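Here is final-v3.txt, consisting of compact mmCIF, C-alpha atoms:
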# COMPACT_ATOMS: atom_id res chain seq x y z
CA MET N 6 -16.94 9.85 -12.55
CA PHE N 7 -14.51 10.37 -15.43
CA LEU N 8 -13.94 7.89 -18.26
CA LEU N 9 -10.25 7.64 -19.16
CA THR N 10 -8.90 7.17 -22.66
CA SER N 11 -5.41 6.17 -23.80
CA ALA N 12 -4.21 9.70 -22.98
CA LEU N 13 -1.98 9.89 -19.91
CA PHE N 14 -4.28 12.02 -17.79
CA PHE N 15 -6.28 12.06 -14.55
CA PRO N 16 -8.87 14.62 -13.50
CA PRO N 17 -8.24 16.47 -10.22
CA ALA N 18 -8.63 14.21 -7.18
CA ASP N 19 -11.33 16.45 -5.69
CA MET N 20 -13.64 15.45 -8.54
CA ALA N 21 -14.08 11.99 -6.96
CA ASP N 22 -17.56 11.05 -5.82
CA GLU N 23 -18.59 10.60 -2.17
CA GLU N 24 -17.20 7.06 -2.09
CA GLY N 25 -13.89 8.20 -3.56
CA LEU N 26 -14.33 6.86 -7.11
CA LEU N 27 -12.66 9.28 -9.50
CA ALA N 28 -12.31 7.57 -12.88
CA MET N 29 -12.63 4.33 -14.81
CA GLY N 30 -10.67 2.91 -17.72
CA GLY N 31 -7.14 3.58 -18.87
CA ASP N 32 -4.41 1.03 -18.27
CA LEU N 33 -1.84 -0.16 -15.74
CA SER N 34 1.23 1.15 -17.50
CA THR N 35 4.15 2.23 -15.36
CA GLU N 36 3.68 5.85 -16.46
CA ARG N 37 0.00 5.92 -15.55
CA LEU N 38 0.50 4.22 -12.19
CA LEU N 39 3.24 6.63 -11.16
CA LEU N 40 1.12 9.60 -12.25
CA ALA N 41 -1.75 8.20 -10.21
CA TYR N 42 0.26 7.85 -7.01
CA ARG N 43 1.80 11.29 -7.40
CA SER N 44 -1.75 12.65 -7.78
CA GLY N 45 -3.17 10.87 -4.72
CA ILE N 46 -4.99 8.23 -6.80
CA PHE N 47 -4.80 4.44 -6.68
CA PRO N 48 -6.34 1.55 -8.69
CA TRP N 49 -8.75 -0.85 -7.01
CA TYR N 50 -11.17 -3.06 -8.90
CA ASN N 51 -12.33 -6.63 -9.41
CA GLU N 52 -10.78 -8.66 -12.21
CA ASP N 53 -13.99 -8.77 -14.29
CA GLU N 54 -14.50 -4.99 -14.06
CA PRO N 55 -12.95 -1.96 -15.80
CA ILE N 56 -10.00 -0.42 -13.95
CA CYS N 57 -11.34 1.87 -11.22
CA TRP N 58 -9.28 4.75 -9.84
CA TRP N 59 -9.90 6.08 -6.34
CA SER N 60 -9.09 9.12 -4.23
CA PRO N 61 -11.11 8.92 -0.99
CA ASP N 62 -11.76 11.82 1.34
CA PRO N 63 -10.74 11.58 4.13
CA ARG N 64 -7.58 9.53 3.56
CA PHE N 65 -6.35 6.84 5.95
CA VAL N 66 -2.65 7.36 6.72
CA LEU N 67 0.05 6.64 9.27
CA TYR N 68 2.64 9.15 10.39
CA PRO N 69 5.68 6.98 11.26
CA ALA N 70 6.23 8.83 14.55
CA GLU N 71 2.67 7.87 15.61
CA LEU N 72 3.23 4.12 15.22
CA LYS N 73 1.67 2.21 18.12
CA VAL N 74 3.23 -1.05 19.29
CA SER N 75 1.35 -3.10 21.88
CA ASN N 76 3.15 -4.89 24.68
CA SER N 77 2.31 -8.25 23.11
CA MET N 78 3.86 -7.13 19.82
CA LYS N 79 6.95 -5.87 21.63
CA THR N 80 7.41 -9.43 22.83
CA VAL N 81 7.00 -10.79 19.29
CA LEU N 82 9.53 -8.26 17.98
CA GLN N 83 12.10 -9.21 20.60
CA ASN N 84 11.78 -12.97 21.02
CA GLY N 85 13.78 -13.82 17.89
CA LYS N 86 11.27 -16.25 16.39
CA TYR N 87 10.68 -14.15 13.28
CA ARG N 88 13.20 -12.53 10.92
CA PHE N 89 12.65 -9.30 8.95
CA THR N 90 13.95 -8.44 5.46
CA THR N 91 13.11 -6.03 2.65
CA ASN N 92 12.97 -6.62 -1.10
CA ARG N 93 14.11 -10.22 -0.81
CA ALA N 94 10.91 -11.83 -2.10
CA PHE N 95 8.71 -9.23 -3.80
CA GLU N 96 7.08 -11.63 -6.24
CA GLN N 97 6.35 -14.12 -3.45
CA VAL N 98 4.85 -11.36 -1.30
CA ILE N 99 2.48 -10.07 -3.97
CA GLY N 100 1.64 -13.65 -4.90
CA ASN N 101 0.65 -14.39 -1.32
CA CYS N 102 -1.30 -11.15 -1.03
CA LYS N 103 -3.24 -12.33 -4.08
CA ALA N 104 -3.76 -15.90 -2.88
CA VAL N 105 -4.37 -15.68 0.88
CA SER N 106 -8.06 -15.48 1.78
CA ARG N 107 -9.25 -12.69 4.07
CA ARG N 108 -12.16 -12.65 6.46
CA GLY N 109 -15.20 -10.97 4.89
CA GLN N 110 -13.75 -10.94 1.37
CA ASP N 111 -14.60 -13.10 -1.61
CA GLY N 112 -11.64 -13.50 -3.93
CA THR N 113 -9.00 -10.83 -4.51
CA TRP N 114 -8.64 -7.50 -6.25
CA ILE N 115 -5.04 -8.31 -7.26
CA SER N 116 -5.63 -9.47 -10.83
CA PRO N 117 -2.88 -11.06 -12.96
CA ALA N 118 -2.58 -7.72 -14.79
CA MET N 119 -2.20 -5.87 -11.50
CA GLN N 120 0.37 -8.39 -10.30
CA LYS N 121 2.41 -8.03 -13.49
CA ALA N 122 2.28 -4.22 -13.36
CA TYR N 123 3.64 -4.05 -9.80
CA ILE N 124 6.37 -6.58 -10.49
CA ILE N 125 7.52 -4.26 -13.28
CA LEU N 126 7.42 -1.33 -10.84
CA HIS N 127 9.54 -3.37 -8.42
CA LYS N 128 12.14 -4.10 -11.09
CA LEU N 129 12.27 -0.36 -11.82
CA GLY N 130 12.85 0.43 -8.14
CA TYR N 131 9.45 1.93 -7.30
CA ALA N 132 7.63 -1.00 -5.65
CA HIS N 133 9.07 -2.48 -2.46
CA SER N 134 8.32 -5.39 -0.17
CA ALA N 135 8.89 -6.16 3.49
CA GLU N 136 9.02 -9.78 4.59
CA THR N 137 8.66 -11.90 7.70
CA TRP N 138 10.44 -15.28 7.81
CA GLN N 139 10.39 -18.21 10.18
CA ASP N 140 12.87 -21.05 9.75
CA GLY N 141 13.54 -19.97 6.17
CA GLU N 142 9.86 -19.85 5.24
CA LEU N 143 8.07 -16.67 4.12
CA ILE N 144 5.15 -16.30 6.53
CA GLY N 145 4.08 -12.67 6.14
CA GLY N 146 4.77 -9.39 4.43
CA LEU N 147 3.54 -6.33 2.61
CA TYR N 148 4.25 -4.36 -0.54
CA GLY N 149 3.73 -0.84 -1.81
CA ILE N 150 5.16 2.09 -3.74
CA ARG N 151 7.90 4.45 -2.55
CA LEU N 152 8.00 7.92 -4.07
CA GLY N 153 10.26 10.49 -2.47
CA ASN N 154 9.50 10.66 1.24
CA LEU N 155 6.17 8.85 1.00
CA PHE N 156 5.27 5.16 1.03
CA PHE N 157 1.97 4.01 -0.46
CA GLY N 158 0.96 0.71 1.11
CA GLU N 159 -0.94 -1.68 -1.13
CA SER N 160 -1.53 -5.03 0.57
CA MET N 161 -0.24 -7.38 3.25
CA PHE N 162 -0.62 -11.03 4.16
CA SER N 163 -0.01 -13.29 7.13
CA LEU N 164 0.35 -17.06 7.37
CA LYS N 165 1.29 -17.12 11.05
CA PRO N 166 0.08 -15.04 14.02
CA ASN N 167 1.30 -11.42 13.90
CA ALA N 168 3.52 -12.07 10.86
CA SER N 169 2.17 -9.12 8.85
CA LYS N 170 2.33 -6.84 11.91
CA PHE N 171 5.95 -7.90 12.45
CA ALA N 172 6.85 -6.87 8.89
CA PHE N 173 4.81 -3.67 9.07
CA ILE N 174 6.23 -2.42 12.36
CA ASN N 175 9.81 -3.15 11.36
CA TYR N 176 9.30 -1.52 7.98
CA VAL N 177 7.69 1.61 9.43
CA ARG N 178 10.64 1.98 11.78
CA GLN N 179 13.04 1.59 8.85
CA LEU N 180 11.13 4.13 6.76
CA GLN N 181 11.19 6.61 9.62
CA LYS N 182 14.99 6.35 9.72
CA GLU N 183 14.96 7.05 5.96
CA ASN N 184 12.96 10.27 6.56
CA VAL N 185 9.68 8.98 5.13
CA GLN N 186 7.05 11.49 6.26
CA LEU N 187 3.83 9.57 5.67
CA ILE N 188 2.53 6.08 4.90
CA ASP N 189 -0.62 5.99 2.81
CA CYS N 190 -2.94 3.24 4.04
CA GLN N 191 -5.70 4.27 1.58
CA LEU N 192 -8.81 2.85 3.28
CA HIS N 193 -9.67 2.30 6.94
CA THR N 194 -9.00 -1.04 8.62
CA ASN N 195 -9.18 -1.79 12.33
CA HIS N 196 -5.88 -3.65 11.98
CA LEU N 197 -4.00 -0.52 10.87
CA GLU N 198 -5.92 1.79 13.19
CA SER N 199 -4.62 -0.29 16.09
CA LEU N 200 -1.11 0.47 14.82
CA GLY N 201 -1.67 4.22 14.82
CA ALA N 202 -3.16 5.02 11.41
CA ARG N 203 -5.79 7.77 11.25
CA MET N 204 -7.87 9.81 8.85
CA ILE N 205 -6.73 13.14 7.39
CA PRO N 206 -8.51 15.40 4.87
CA ARG N 207 -7.72 14.69 1.22
CA GLU N 208 -6.68 18.33 0.80
CA LEU N 209 -3.96 17.89 3.42
CA PHE N 210 -2.91 14.59 1.88
CA THR N 211 -2.57 16.31 -1.52
CA GLN N 212 -0.42 19.06 -0.01
CA ILE N 213 1.87 16.43 1.54
CA LEU N 214 2.13 14.72 -1.85
CA VAL N 215 3.29 17.89 -3.55
CA THR N 216 5.91 18.53 -0.87
CA ASN N 217 7.29 15.01 -0.63
CA THR N 218 7.06 13.34 -4.06
CA GLY N 219 8.59 16.03 -6.22
CA LYS N 220 5.34 16.44 -8.17
Write the structure described by the file as structure tokens, please.
Amino acid sequence: MFLLTSALFFPPADMADEEGLLAMGGDLSTERLLLAYRSGIFPWYNEDEPICWWSPDPRFVLYPAELKVSNSMKTVLQNGKYRFTTNRAFEQVIGNCKAVSRRGQDGTWISPAMQKAYIILHKLGYAHSAETWQDGELIGGLYGIRLGNLFFGESMFSLKPNASKFAFINYVRQLQKENVQLIDCQLHTNHLESLGARMIPRELFTQILVTNTGK
């Protein structure tokens, strides 16, 4: 595990340990975050801990063409109860991702510093959100980073049944139309596996990064 300084640098991703931890320290500056994503690295840590940088092997990803939509979700997508938008409420989305409790989790890894850093990335055009609305109320959504033809998903939330899935499915379909080749889901969840996400070797993920982010 590598200890970062103020220098804008990351060690190679394949130096990560078995759990995927690569480095600790550094900062959440725009420059460092963009370098991290282009290098297949992402920050994930508790608020009272040093910044931890991860690059797991294998990597959990979704190829847009492999998106799975259940019959029940097809009904939700078509019944007109929910409305889909993008980049209409980024700060509300990340705020909800921070605040909404999740089964099996105590607290949140989205610290105030993390929240501020991604809001800056949004204002610069790198971070994007997808939203689900019902009767004018934000009830679900997700946010992440778009670099070239890749989207790096960060977090999602849901206040009503299937609200995050509604945003995710619609956004994946939109990204596919925009020629996005891969969606990085980072770590395995049953929720995303049910939607078609799967593991690929980190080496392959790194090759896709080089081809699609202009690294």
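If you count all atoms listed in the file and ignore residues fewer than 4 places along the chain from segment 7-13 of chain N, what sits within 10 Å of it is Met20, Ala21, Leu26, Leu27, Ala28, Met29, Gly30, Gly31, Asp32, Ser34, Glu36, Arg37, Leu38, Leu40, Ala41, Ile56, Cys57 and Trp58 of chain N.
Between Val66 of chain N and the residues N:Ser163, N:Ile115, N:Tyr87, N:Gly45, the shortest atom-to-atom distance, using only C-alpha atoms, involves N:Gly45.
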Asp140 of chain N surroundings by all atoms listed in the file, 12 Å radius, close-in-sequence under 5 positions cut, as a PyMOL selection string: chain N and resi 85-89
Within 12 Å of Asp53 of chain N using only C-alpha atoms, minus same-chain residues under 3 positions, as a short mmCIF file (atom, residue, chain, number, x, y, z; two decimals) with C-alpha atoms, in the frame of the given file:
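File selection-v8.cif, as written:
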data_model
loop_
_atom_site.label_atom_id
_atom_site.label_comp_id
_atom_site.auth_asym_id
_atom_site.auth_seq_id
_atom_site.Cartn_x
_atom_site.Cartn_y
_atom_site.Cartn_z
CA TRP N 49 -8.75 -0.85 -7.01
CA TYR N 50 -11.17 -3.06 -8.90
CA ILE N 56 -10.00 -0.42 -13.95
CA CYS N 57 -11.34 1.87 -11.22
CA GLY N 112 -11.64 -13.50 -3.93
CA THR N 113 -9.00 -10.83 -4.51
CA TRP N 114 -8.64 -7.50 -6.25
CA ILE N 115 -5.04 -8.31 -7.26
CA SER N 116 -5.63 -9.47 -10.83
CA PRO N 117 -2.88 -11.06 -12.96
CA ALA N 118 -2.58 -7.72 -14.79
#
Can you check which parts of segment 122-211 of chain N lie within 9 Å of segment 91-103 of chain N? Per residue, the shortest pair of atoms and distance in Å to one decimal, counting all atoms listed in the file, sorted by chain and number, as a tab-separated table.
residue	atom	partner	partner_atom	distance
N:Tyr123	CA	N:Ile99	CA	8.5
N:Ile124	CA	N:Glu96	CA	6.6
N:His127	CA	N:Phe95	CA	7.5
N:Ala132	CA	N:Phe95	CA	8.5
N:His133	CA	N:Asn92	CA	5.8
N:Ser134	CA	N:Asn92	CA	4.9
N:Ala135	CA	N:Thr91	CA	4.3
N:Glu136	CA	N:Thr91	CA	5.9
N:Thr137	CA	N:Thr91	CA	8.9
N:Leu143	CA	N:Gln97	CA	8.2
N:Gly145	CA	N:Val98	CA	7.6
N:Gly146	CA	N:Val98	CA	6.1
N:Leu147	CA	N:Val98	CA	6.5
N:Tyr148	CA	N:Ile99	CA	6.9
N:Ser160	CA	N:Cys102	CA	6.3
N:Met161	CA	N:Cys102	CA	5.8
N:Phe162	CA	N:Cys102	CA	5.2
N:Ser163	CA	N:Cys102	CA	8.5
N:Ala172	CA	N:Thr91	CA	8.9
N:Tyr176	CA	N:Thr91	CA	8.0
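Checking N:Lys121, N:Lys79, N:Arg64, N:Lys73 one by one against His196 of chain N, counting all atoms listed in the file, you find the shortest gap at N:Lys73.
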Close residues, Arg203 of chain N itself excluded, 10 Å, only C-alpha atoms, min 5 positions apart in chain, as a PyMOL selection string: chain N and resi 63-68+71+190+192-194+197-198
Atom CA of Ser169 of chain N to atom CA of Val74 of chain N, distance in Å rounded to a single decimal: 13.2 Å
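Nearest to Asn84 of chain N of all the residues N:Phe171, N:Asn184, N:Gln120, N:Tyr131 is N:Phe171, counting only C-alpha atoms.
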